[in-house]
Amino acid sequence: MNMQEQIKPSKKERLANKVRVHLDMTVREIFDGLEEDRTRPEHMAYFDRIFKAFIHGGKDVVQTQKGQQMVGTYCVFVPEELIYACGARPVRLCAGAYESVEIGEDYLPDIACPAIKSEIGFSVLPILDFYQKCDLVALPASCDWKMKVGEMLEEHHDVHMLSLPRIKELETSRHFWLEEVKRFKQSLEKLTGVSINRKRLRDAIRRIQRAQIEVHRFQELRKHSPAVIHGRDALEVLNAYFYDEVEAWTEALATLNRELEARIANKQYVAKPNATRLMLTGSPMIFPNWKIPTIIEELGAVLVTDEFCTSGRYLSDMVSVDEGTLSDMLHAIADRYMLPCSCPTFTTTTERRDRVLQQAEDYQVEGVIYHVLKGCHPFDIEMKTIETALQDKGIPMLKIETDYAPQDIEQLRTRIEAFTETLKGRTKKA
Amino acid sequence: MNVQRLRFFVQLISFVLLVYGGSFAFDIGGKLPTFSCVFVDSKGGGCFLVSLQHQLARPIWAFLGGAGLMLLTTLGTVALFAIVLNKAWCGWVCPFGFLQDLMTKLRNLFNIDLSRFSWITSKRYRSVKYIFLAFLVLVPLAIGNLGLSREWTAPFCQMCPARPLMPLLEGNFSEFFIDLSSIPGMILTTIAILLVGLFFTVSFIKRRFLCSYCPMLAFLSLFDKVGLLSLKKDGQRCTRCGNCYRACPMEIRAIEEEKVKKNLVTQDCILCLRCVESCPENGALDATFAGFSIFKASEEGFLKRQEKTIGESKRQ
């Protein structure tokens, strides 16, 4: 199938313009709503700016230096340390826009998840500037959708597919993945002409580690009761990492953390002390798909934590360098991206189950909302295991299956409201 | 608290005391469950395996009398030592282990990469230490009861790499030989010299290579469950990131894989606590003494160690 022929240039342009207009409207609507909220921390403005730049084709979303190569990434398996080590700039392309889903539908079966449709949409049509500007796209074959999409993207980008082992407990899987990481390193070296040495890699690891330290500090602040920041804002902060340069982002988050610390000292909270503490897990939520967190917080409940590969989980596990040679660092990077990853694409659910339970405990979660994107089978399959484990701990769970379309918002609101009401009833009884 | 630095100093002090202590009248007896070679004249304490092998070389009936009492005293003393420190004898005291750690430091200085056995290989050869343990118990018994030649006396000492190596530390080369006077001597001392060769070569690619095959570790692992010093794991907090496994000089996979069992002092564990130090999950790993936590894994500790290996990464 030749995509160039399928959409004729003029039609393509028109379509792109249409999607862009719709996307602009969505973005404006989100931020118009947010501006009315006076309780938000002042330093959210930095992160708002990144997302506001999505309007008019997103020319300012990703700001690269002159001549700097841009490497688009998908999922949580592409080692950013390597990208930074050779002086290039990673941009995560996972997308959450309903507007481009329609375009993706021409290329993928109906049951494909909206994330992959949205991503394809942005890749084939010139809607957002930074999707078009990627010099290389690194795509891990993590789920069935990602597996086949590489081929489709090849018409628009240079694609580096990373083959991901599914049984990560095996010795062969670890060797294999390490070799994949090394192959990616070679690919990057070829692209940039920079050879990654010990010092470069060490510096890159340190830069990302600094960001992660701030993330951990941020997550620690989110444990505070009453909540000091809305869960939707937290999603925004962490989602902004996709597009921002790591050091700038780290600095912005550090500033926000300081503000939040000051707010705690001044007893300035965003939620009432008795607000129901909810947690989100399941399929990823990506800007501008913030419908569920927005509903939760409009209902007066508070989203205290989430377990998403597009949010805190992406930056939670750190590279652990042991002896500090180049091969040791590569080994550490390979391990960091695969072993602790709780993506349901792997055969075991244990890691994710324990992560969810531990988080529910640490953040004093009263109820969990399990988000499944239609067509996101891996997360759907794991739902039962997670639900049972939560039940054993006496934490109720609500499964919500939805996509990026805004049509079901009112229906979702009713369900989430009913869920929070039952939770309130439980606390009163207890 | 930087545990590896502390461990280095404890090892250094024990090394000095055990190898040179005799010259300044330090002596804690010859019943230590650690490779402090008795062939070192200035030793401040000796490995109990040598007395064990001598005491076992008696007819069975003799153990009903004084010989049995002597054997019980030896084993009782050693058991007491083992219960208190568990396998910290290997990771924190053993002078031969310390020498291997020094070789690792030398390897790091040259930036030579570490290599690991495949999982199947390391599993296959792990039982060798039990064979050595059985060998050093059964051969003396055979001398006492089946009339095996006295040339097999203290068979493990004859083949132990510490015997030729450690006296070198006081400038004594007299143990560095191959005994050609008898067949058993020739076989055993040749093995010893070969092991010394391995000590010097394999140290440049592996950590604590010889420890995996040490009969002392086999003996001490009888006390894994009852030792006061212990290593505990909270499975739910573990993300299976594998940092502990990569840091482990003994290449123990259970430390990473185990999610259910609480006690993580496994057969090969030497309680060096590098795993606890490399664990970024608060409280996932915990070193305890008599049930009290003495050193818990923490993100802060993890970052401190990372600072040391890759440079500072402080909060802005």
# chains A, B, ... in the order shown; residues from 1 in each chain; ligands from 1
>>> interface_residues(of="chain A", to="chain B", cutoff="8 Å", atoms="only C-alpha atoms", output="NGL selection string")
:A and (171 or 202-203 or 206-207 or 209-210 or 213-214 or 251 or 254 or 317 or 320-325 or 327-328 or 332 or 335-336 or 339-341 or 351 or 354-355 or 357-358)
>>> write_last_selection(atoms="N, CA and C atoms", output="mmCIF file, in the first residue's frame")
data_model
loop_
_atom_site.group_PDB
_atom_site.id
_atom_site.type_symbol
_atom_site.label_atom_id
_atom_site.label_comp_id
_atom_site.auth_asym_id
_atom_site.auth_seq_id
_atom_site.Cartn_x
_atom_site.Cartn_y
_atom_site.Cartn_z
ATOM 1 N N GLU A 171 17.984 -15.489 30.713
ATOM 2 C CA GLU A 171 19.341 -15.017 30.438
ATOM 3 C C GLU A 171 19.474 -14.603 28.975
ATOM 4 N N ARG A 202 28.613 8.805 30.577
ATOM 5 C CA ARG A 202 28.498 9.069 32.008
ATOM 6 C C ARG A 202 27.779 10.407 32.236
ATOM 7 N N ASP A 203 28.134 11.397 31.439
ATOM 8 C CA ASP A 203 27.482 12.709 31.578
ATOM 9 C C ASP A 203 25.993 12.624 31.277
ATOM 10 N N ARG A 206 24.168 10.995 34.071
ATOM 11 C CA ARG A 206 24.051 11.927 35.201
ATOM 12 C C ARG A 206 22.947 12.952 34.948
ATOM 13 N N ARG A 207 22.870 13.447 33.715
ATOM 14 C CA ARG A 207 21.850 14.459 33.406
ATOM 15 C C ARG A 207 20.451 13.899 33.619
ATOM 16 N N GLN A 209 19.700 11.284 35.417
ATOM 17 C CA GLN A 209 19.534 10.950 36.831
ATOM 18 C C GLN A 209 19.106 12.171 37.646
ATOM 19 N N ARG A 210 19.652 13.313 37.304
ATOM 20 C CA ARG A 210 19.267 14.546 38.009
ATOM 21 C C ARG A 210 17.779 14.810 37.832
ATOM 22 N N ILE A 213 15.909 12.456 40.010
ATOM 23 C CA ILE A 213 15.937 12.835 41.428
ATOM 24 C C ILE A 213 14.837 13.852 41.705
ATOM 25 N N GLU A 214 14.676 14.818 40.790
ATOM 26 C CA GLU A 214 13.609 15.811 40.968
ATOM 27 C C GLU A 214 12.231 15.154 40.874
ATOM 28 N N GLU A 251 15.277 21.795 35.763
ATOM 29 C CA GLU A 251 15.321 23.061 36.484
ATOM 30 C C GLU A 251 13.904 23.569 36.779
ATOM 31 N N ALA A 254 12.446 21.535 39.486
ATOM 32 C CA ALA A 254 13.045 21.888 40.774
ATOM 33 C C ALA A 254 12.381 23.145 41.327
ATOM 34 N N ASP A 317 12.701 4.503 37.507
ATOM 35 C CA ASP A 317 13.866 3.641 37.720
ATOM 36 C C ASP A 317 15.128 4.270 37.140
ATOM 37 N N SER A 320 21.852 2.166 37.206
ATOM 38 C CA SER A 320 22.759 1.940 38.330
ATOM 39 C C SER A 320 24.116 1.497 37.799
ATOM 40 N N VAL A 321 25.056 2.431 37.766
ATOM 41 C CA VAL A 321 26.392 2.111 37.274
ATOM 42 C C VAL A 321 27.171 1.437 38.391
ATOM 43 N N ASP A 322 27.789 0.324 38.059
ATOM 44 C CA ASP A 322 28.480 -0.420 39.108
ATOM 45 C C ASP A 322 29.979 -0.177 39.083
ATOM 46 N N GLU A 323 30.622 -0.498 37.962
ATOM 47 C CA GLU A 323 32.079 -0.329 37.922
ATOM 48 C C GLU A 323 32.520 0.836 37.042
ATOM 49 N N GLY A 324 31.627 1.307 36.192
ATOM 50 C CA GLY A 324 31.917 2.538 35.464
ATOM 51 C C GLY A 324 32.659 2.415 34.151
ATOM 52 N N THR A 325 32.859 1.190 33.652
ATOM 53 C CA THR A 325 33.433 1.081 32.313
ATOM 54 C C THR A 325 32.309 1.283 31.307
ATOM 55 N N SER A 327 31.276 -0.648 28.943
ATOM 56 C CA SER A 327 30.407 -1.818 28.771
ATOM 57 C C SER A 327 29.537 -2.017 30.010
ATOM 58 N N ASP A 328 30.066 -1.684 31.174
ATOM 59 C CA ASP A 328 29.256 -1.763 32.393
ATOM 60 C C ASP A 328 28.088 -0.781 32.321
ATOM 61 N N ALA A 332 24.169 -1.527 32.355
ATOM 62 C CA ALA A 332 23.279 -0.896 33.336
ATOM 63 C C ALA A 332 22.090 -0.236 32.640
ATOM 64 N N ASP A 335 19.669 -2.927 31.392
ATOM 65 C CA ASP A 335 18.901 -3.439 32.534
ATOM 66 C C ASP A 335 17.825 -2.454 32.967
ATOM 67 N N ARG A 336 18.198 -1.169 33.047
ATOM 68 C CA ARG A 336 17.257 -0.182 33.549
ATOM 69 C C ARG A 336 16.009 -0.076 32.668
ATOM 70 N N LEU A 339 14.450 -4.497 32.780
ATOM 71 C CA LEU A 339 14.134 -5.334 33.945
ATOM 72 C C LEU A 339 13.053 -4.775 34.879
ATOM 73 N N PRO A 340 13.160 -3.526 35.342
ATOM 74 C CA PRO A 340 12.127 -3.078 36.279
ATOM 75 C C PRO A 340 10.865 -2.589 35.580
ATOM 76 N N CYS A 341 10.849 -2.615 34.261
ATOM 77 C CA CYS A 341 9.715 -2.059 33.541
ATOM 78 C C CYS A 341 8.475 -2.906 33.777
ATOM 79 N N GLU A 351 5.559 -7.630 38.638
ATOM 80 C CA GLU A 351 6.193 -6.333 38.875
ATOM 81 C C GLU A 351 5.147 -5.223 38.939
ATOM 82 N N ASP A 354 2.892 -5.500 42.096
ATOM 83 C CA ASP A 354 3.565 -5.026 43.299
ATOM 84 C C ASP A 354 3.751 -3.518 43.285
ATOM 85 N N ARG A 355 4.026 -2.979 42.105
ATOM 86 C CA ARG A 355 4.218 -1.545 41.993
ATOM 87 C C ARG A 355 2.915 -0.816 42.350
ATOM 88 N N LEU A 357 0.385 -1.994 44.146
ATOM 89 C CA LEU A 357 0.084 -2.175 45.572
ATOM 90 C C LEU A 357 0.931 -1.259 46.442
ATOM 91 N N GLN A 358 2.217 -1.197 46.106
ATOM 92 C CA GLN A 358 3.127 -0.368 46.904
ATOM 93 C C GLN A 358 2.737 1.105 46.807
#
>>> select_by_dssp(residues="range 154-253 of chain B", states="strand (DSSP E or B)", output="PyMOL selection string")
chain B and resi 229-233
>>> write_last_selection(atoms="N, CA and C atoms", output="mmCIF file, in the first residue's frame")
data_model
loop_
_atom_site.group_PDB
_atom_site.id
_atom_site.type_symbol
_atom_site.label_atom_id
_atom_site.label_comp_id
_atom_site.auth_asym_id
_atom_site.auth_seq_id
_atom_site.Cartn_x
_atom_site.Cartn_y
_atom_site.Cartn_z
ATOM 1 N N LEU B 229 23.457 -12.322 62.044
ATOM 2 C CA LEU B 229 23.532 -11.342 60.969
ATOM 3 C C LEU B 229 22.803 -11.930 59.771
ATOM 4 N N SER B 230 21.895 -11.170 59.222
ATOM 5 C CA SER B 230 21.085 -11.753 58.165
ATOM 6 C C SER B 230 20.725 -10.711 57.111
ATOM 7 N N LEU B 231 20.213 -11.197 55.995
ATOM 8 C CA LEU B 231 19.825 -10.316 54.902
ATOM 9 C C LEU B 231 18.371 -10.601 54.559
ATOM 10 N N LYS B 232 17.534 -9.575 54.665
ATOM 11 C CA LYS B 232 16.096 -9.779 54.448
ATOM 12 C C LYS B 232 15.613 -9.003 53.223
ATOM 13 N N LYS B 233 14.553 -9.529 52.624
ATOM 14 C CA LYS B 233 14.001 -8.852 51.458
ATOM 15 C C LYS B 233 12.486 -8.689 51.589
#
>>> residues_around(residues="range 287-289 of chain B", least_positions_apart="2", cutoff="9 Å", atoms="only C-alpha atoms", output="list of chain:residue names")
B:Val84, B:Leu85, B:Gly227, B:Leu228, B:Leu229, B:Ser230, B:Leu231, B:Lys232, B:Lys233, B:Leu271, B:Leu273, B:Val276, B:Leu285, B:Gly291, B:Phe292, B:Ser293, B:Ile294, B:Phe295, B:Lys296, B:Ala297
>>> atom_distance(atom1="CA of Cys211 in chain B", atom2="CA of Leu99 in chain B")
11.5 Å
>>> residues_around(residues="Leu75 in chain B", least_positions_apart="3", cutoff="12 Å", atoms="only C-alpha atoms", output="PyMOL selection string")
chain B and resi 30-33+48-49+51-53+55-56+68-72+78-83+219-220
>>> atom_distance(atom1="CA of Glu258 in chain B", atom2="CA of Lys168 in chain A")
14.6 Å
>>> residues_around(residues="Ala334 in chain A", least_positions_apart="3", cutoff="7 Å", atoms="only C-alpha atoms", output="PyMOL selection string")
chain A and resi 177-178+181+330-331+337-338
>>> residues_around(residues="range 410-426 of chain A", least_positions_apart="2", cutoff="12 Å", atoms="only C-alpha atoms", output="JSON, numbers by chain")
{"A": [274, 275, 276, 277, 278, 279, 280, 291, 292, 293, 294, 295, 296, 297, 298, 299, 300, 301, 302, 303, 365, 366, 367, 368, 369, 370, 371, 394, 395, 396, 397, 398, 399, 400, 401, 402, 403, 405, 406, 407, 408, 428, 429, 430]}
>>> write_last_selection(atoms="N, CA and C atoms", output="tab-separated table (two decimals), in the first residue's frame")
chain	number	residue	atom	x	y	z
A	274	ASN	N	-10.49	16.01	53.43
A	274	ASN	CA	-11.26	14.77	53.34
A	274	ASN	C	-11.53	14.34	51.89
A	275	ALA	N	-10.88	14.99	50.93
A	275	ALA	CA	-11.09	14.62	49.53
A	275	ALA	C	-10.67	13.16	49.30
A	276	THR	N	-11.45	12.44	48.51
A	276	THR	CA	-11.16	11.04	48.23
A	276	THR	C	-9.86	10.93	47.43
A	277	ARG	N	-8.96	10.09	47.92
A	277	ARG	CA	-7.65	9.96	47.26
A	277	ARG	C	-7.69	8.81	46.25
A	278	LEU	N	-7.59	9.17	44.97
A	278	LEU	CA	-7.68	8.17	43.91
A	278	LEU	C	-6.34	7.96	43.22
A	279	MET	N	-6.23	6.78	42.62
A	279	MET	CA	-5.04	6.47	41.85
A	279	MET	C	-5.48	6.01	40.47
A	280	LEU	N	-4.68	6.34	39.46
A	280	LEU	CA	-4.97	5.89	38.10
A	280	LEU	C	-3.90	4.91	37.66
A	291	LYS	N	-9.16	13.64	29.94
A	291	LYS	CA	-10.57	13.70	30.34
A	291	LYS	C	-10.82	13.06	31.70
A	292	ILE	N	-10.22	11.92	31.96
A	292	ILE	CA	-10.48	11.26	33.25
A	292	ILE	C	-9.92	12.05	34.44
A	293	PRO	N	-8.64	12.45	34.42
A	293	PRO	CA	-8.15	13.26	35.56
A	293	PRO	C	-8.96	14.54	35.76
A	294	THR	N	-9.39	15.15	34.66
A	294	THR	CA	-10.18	16.37	34.80
A	294	THR	C	-11.50	16.07	35.51
A	295	ILE	N	-12.17	14.99	35.09
A	295	ILE	CA	-13.44	14.62	35.74
A	295	ILE	C	-13.21	14.36	37.23
A	296	ILE	N	-12.18	13.57	37.52
A	296	ILE	CA	-11.90	13.22	38.92
A	296	ILE	C	-11.81	14.48	39.76
A	297	GLU	N	-11.08	15.47	39.27
A	297	GLU	CA	-10.83	16.62	40.10
A	297	GLU	C	-11.97	17.63	40.09
A	298	GLU	N	-12.75	17.60	39.01
A	298	GLU	CA	-13.97	18.42	39.03
A	298	GLU	C	-14.97	17.89	40.06
A	299	LEU	N	-14.88	16.59	40.32
A	299	LEU	CA	-15.80	15.98	41.29
A	299	LEU	C	-15.35	16.20	42.74
A	300	GLY	N	-14.23	16.88	42.91
A	300	GLY	CA	-13.75	17.16	44.26
A	300	GLY	C	-12.88	16.05	44.84
A	301	ALA	N	-12.70	14.96	44.09
A	301	ALA	CA	-11.75	13.94	44.53
A	301	ALA	C	-10.36	14.40	44.11
A	302	VAL	N	-9.34	13.69	44.56
A	302	VAL	CA	-8.00	14.11	44.16
A	302	VAL	C	-7.22	12.91	43.65
A	303	LEU	N	-6.56	13.13	42.50
A	303	LEU	CA	-5.76	12.09	41.89
A	303	LEU	C	-4.36	12.19	42.51
A	365	VAL	N	-4.01	5.49	49.09
A	365	VAL	CA	-5.04	5.52	48.06
A	365	VAL	C	-6.30	4.84	48.56
A	366	GLU	N	-7.46	5.48	48.28
A	366	GLU	CA	-8.74	4.90	48.73
A	366	GLU	C	-9.41	4.09	47.62
A	367	GLY	N	-9.14	4.45	46.39
A	367	GLY	CA	-9.73	3.70	45.28
A	367	GLY	C	-8.86	3.85	44.04
A	368	VAL	N	-8.92	2.83	43.18
A	368	VAL	CA	-8.09	2.84	41.97
A	368	VAL	C	-8.98	2.84	40.74
A	369	ILE	N	-8.65	3.68	39.79
A	369	ILE	CA	-9.36	3.65	38.50
A	369	ILE	C	-8.42	3.03	37.47
A	370	TYR	N	-8.92	1.97	36.85
A	370	TYR	CA	-8.12	1.24	35.88
A	370	TYR	C	-8.55	1.65	34.47
A	371	HIS	N	-7.66	2.31	33.80
A	371	HIS	CA	-7.97	2.89	32.50
A	371	HIS	C	-7.53	1.94	31.38
A	394	GLY	N	-8.23	-4.68	50.21
A	394	GLY	CA	-9.42	-3.89	50.57
A	394	GLY	C	-9.52	-2.57	49.82
A	395	ILE	N	-8.90	-2.50	48.64
A	395	ILE	CA	-8.99	-1.26	47.85
A	395	ILE	C	-9.89	-1.51	46.63
A	396	PRO	N	-11.02	-0.79	46.52
A	396	PRO	CA	-11.92	-1.00	45.38
A	396	PRO	C	-11.31	-0.46	44.08
A	397	MET	N	-11.71	-1.08	42.98
A	397	MET	CA	-11.18	-0.66	41.68
A	397	MET	C	-12.33	-0.47	40.70
A	398	LEU	N	-12.20	0.55	39.87
A	398	LEU	CA	-13.20	0.79	38.83
A	398	LEU	C	-12.50	0.69	37.48
A	399	LYS	N	-13.04	-0.17	36.61
A	399	LYS	CA	-12.44	-0.26	35.28
A	399	LYS	C	-13.18	0.69	34.33
A	400	ILE	N	-12.43	1.46	33.60
A	400	ILE	CA	-13.02	2.35	32.61
A	400	ILE	C	-12.40	2.04	31.26
A	401	GLU	N	-13.23	1.63	30.32
A	401	GLU	CA	-12.71	1.39	28.98
A	401	GLU	C	-13.20	2.52	28.08
A	402	THR	N	-12.27	3.20	27.49
A	402	THR	CA	-12.64	4.36	26.68
A	402	THR	C	-11.61	4.59	25.59
A	403	ASP	N	-11.81	5.64	24.83
A	403	ASP	CA	-10.77	6.02	23.86
A	403	ASP	C	-10.54	7.53	23.98
A	405	ALA	N	-12.06	9.85	22.27
A	405	ALA	CA	-13.22	10.65	21.86
A	405	ALA	C	-13.88	11.32	23.07
A	406	PRO	N	-14.30	12.58	22.89
A	406	PRO	CA	-14.89	13.30	24.03
A	406	PRO	C	-16.36	12.94	24.29
A	407	GLN	N	-16.95	12.13	23.40
A	407	GLN	CA	-18.39	11.88	23.50
A	407	GLN	C	-18.84	11.25	24.81
A	408	ASP	N	-18.01	10.44	25.42
A	408	ASP	CA	-18.48	9.70	26.59
A	408	ASP	C	-18.17	10.41	27.91
A	428	LYS	N	-16.86	6.54	55.81
A	428	LYS	CA	-17.73	6.91	56.93
A	428	LYS	C	-17.99	5.70	57.81
A	429	LYS	N	-18.30	4.57	57.14
A	429	LYS	CA	-18.57	3.34	57.90
A	429	LYS	C	-17.35	2.96	58.74
A	430	ALA	N	-16.18	3.07	58.13
A	430	ALA	CA	-14.95	2.70	58.83
A	430	ALA	C	-14.62	3.73	59.90
>>> atom_distance(atom1="CA of Ile252 in chain B", atom2="CA of Phe35 in chain B")
21.6 Å
>>> residues_around(residues="range 28-34 of chain A", least_positions_apart="2", cutoff="12 Å", atoms="only C-alpha atoms", output="MDAnalysis selection string")
chainID A and resid 21:26 36:41 44:45 47:56 230 232:233 236 287:291 294 297:298
>>> write_last_selection(atoms="N, CA and C atoms", output="CSV table (one decimal), in the first residue's frame")
chain,number,residue,atom,x,y,z
A,21,VAL,N,-6.8,22.8,13.0
A,21,VAL,CA,-7.8,23.7,13.6
A,21,VAL,C,-8.5,23.0,14.8
A,22,HIS,N,-8.8,21.8,14.6
A,22,HIS,CA,-9.5,21.1,15.7
A,22,HIS,C,-8.6,20.9,16.9
A,23,LEU,N,-7.4,20.6,16.7
A,23,LEU,CA,-6.4,20.4,17.8
A,23,LEU,C,-6.2,21.7,18.5
A,24,ASP,N,-6.1,22.8,17.7
A,24,ASP,CA,-6.0,24.2,18.3
A,24,ASP,C,-7.1,24.4,19.3
A,25,MET,N,-8.3,24.0,18.8
A,25,MET,CA,-9.5,24.3,19.7
A,25,MET,C,-9.5,23.5,21.0
A,26,THR,N,-9.1,22.2,20.8
A,26,THR,CA,-9.0,21.4,22.0
A,26,THR,C,-8.0,22.0,23.0
A,36,GLU,N,-8.9,29.4,34.8
A,36,GLU,CA,-9.9,29.8,35.8
A,36,GLU,C,-9.5,29.3,37.1
A,37,ASP,N,-8.7,28.2,37.2
A,37,ASP,CA,-8.4,27.6,38.4
A,37,ASP,C,-7.2,28.4,39.1
A,38,ARG,N,-7.6,29.1,40.2
A,38,ARG,CA,-6.6,30.0,40.8
A,38,ARG,C,-5.7,29.3,41.8
A,39,THR,N,-6.1,28.0,42.1
A,39,THR,CA,-5.3,27.3,43.1
A,39,THR,C,-4.0,26.7,42.6
A,40,ARG,N,-3.9,26.7,41.2
A,40,ARG,CA,-2.7,26.0,40.7
A,40,ARG,C,-1.4,26.7,41.0
A,41,PRO,N,-0.4,25.9,41.2
A,41,PRO,CA,1.0,26.5,41.5
A,41,PRO,C,1.4,27.4,40.4
A,44,MET,N,3.4,26.2,37.3
A,44,MET,CA,2.9,25.4,36.2
A,44,MET,C,2.9,26.1,34.9
A,45,ALA,N,3.0,27.4,34.9
A,45,ALA,CA,3.1,28.2,33.7
A,45,ALA,C,4.1,27.7,32.7
A,47,PHE,N,5.2,24.7,32.3
A,47,PHE,CA,4.8,23.4,31.6
A,47,PHE,C,3.6,23.7,30.7
A,48,ASP,N,2.7,24.7,31.1
A,48,ASP,CA,1.6,25.1,30.3
A,48,ASP,C,2.1,25.6,28.9
A,49,ARG,N,3.2,26.4,29.0
A,49,ARG,CA,3.7,27.0,27.8
A,49,ARG,C,4.1,25.9,26.7
A,50,ILE,N,4.6,24.8,27.2
A,50,ILE,CA,5.0,23.7,26.3
A,50,ILE,C,3.8,23.2,25.5
A,51,PHE,N,2.7,23.0,26.3
A,51,PHE,CA,1.5,22.4,25.7
A,51,PHE,C,0.7,23.4,24.9
A,52,LYS,N,0.8,24.7,25.3
A,52,LYS,CA,0.1,25.7,24.6
A,52,LYS,C,0.7,25.9,23.2
A,53,ALA,N,2.0,25.5,23.1
A,53,ALA,CA,2.7,25.6,21.8
A,53,ALA,C,2.2,24.6,20.8
A,54,PHE,N,1.3,23.7,21.2
A,54,PHE,CA,0.7,22.7,20.3
A,54,PHE,C,-0.2,23.4,19.2
A,55,ILE,N,-0.6,24.6,19.5
A,55,ILE,CA,-1.4,25.3,18.6
A,55,ILE,C,-0.6,25.8,17.4
A,56,HIS,N,-1.2,26.1,16.3
A,56,HIS,CA,-0.5,26.6,15.1
A,56,HIS,C,0.6,25.7,14.6
A,230,HIS,N,-2.7,19.1,41.9
A,230,HIS,CA,-3.7,18.2,41.3
A,230,HIS,C,-3.0,17.1,40.5
A,232,ARG,N,-3.9,16.0,37.7
A,232,ARG,CA,-3.8,16.4,36.2
A,232,ARG,C,-2.6,17.3,36.0
A,233,ASP,N,-2.3,18.2,36.9
A,233,ASP,CA,-1.1,19.0,36.8
A,233,ASP,C,0.1,18.2,36.8
A,236,GLU,N,0.7,16.6,33.6
A,236,GLU,CA,1.1,17.6,32.7
A,236,GLU,C,2.6,17.8,32.8
A,287,PHE,N,-1.2,14.0,26.7
A,287,PHE,CA,-1.8,15.2,26.4
A,287,PHE,C,-2.4,15.1,24.9
A,288,PRO,N,-3.5,15.6,24.6
A,288,PRO,CA,-4.5,16.4,25.4
A,288,PRO,C,-5.6,15.5,26.0
A,289,ASN,N,-5.3,14.2,26.1
A,289,ASN,CA,-6.4,13.3,26.6
A,289,ASN,C,-6.3,13.3,28.1
A,290,TRP,N,-6.9,14.3,28.7
A,290,TRP,CA,-6.9,14.5,30.2
A,290,TRP,C,-8.3,14.3,30.7
A,291,LYS,N,-9.2,13.6,29.9
A,291,LYS,CA,-10.6,13.7,30.3
A,291,LYS,C,-10.8,13.1,31.7
A,294,THR,N,-9.4,15.2,34.7
A,294,THR,CA,-10.2,16.4,34.8
A,294,THR,C,-11.5,16.1,35.5
A,297,GLU,N,-11.1,15.5,39.3
A,297,GLU,CA,-10.8,16.6,40.1
A,297,GLU,C,-12.0,17.6,40.1
A,298,GLU,N,-12.8,17.6,39.0
A,298,GLU,CA,-14.0,18.4,39.0
A,298,GLU,C,-15.0,17.9,40.1
>>> select_by_dssp(residues="range 257-359 of chain A", states="alpha helix (DSSP H)", output="MDAnalysis selection string")
chainID A and resid 257:265 291:298 326:338 350:359
>>> closest_residue(among="B:Leu198, B:Ala284, B:Leu210, B:Cys37", to="Met250 in chain B", atoms="only C-alpha atoms")
B:Leu210
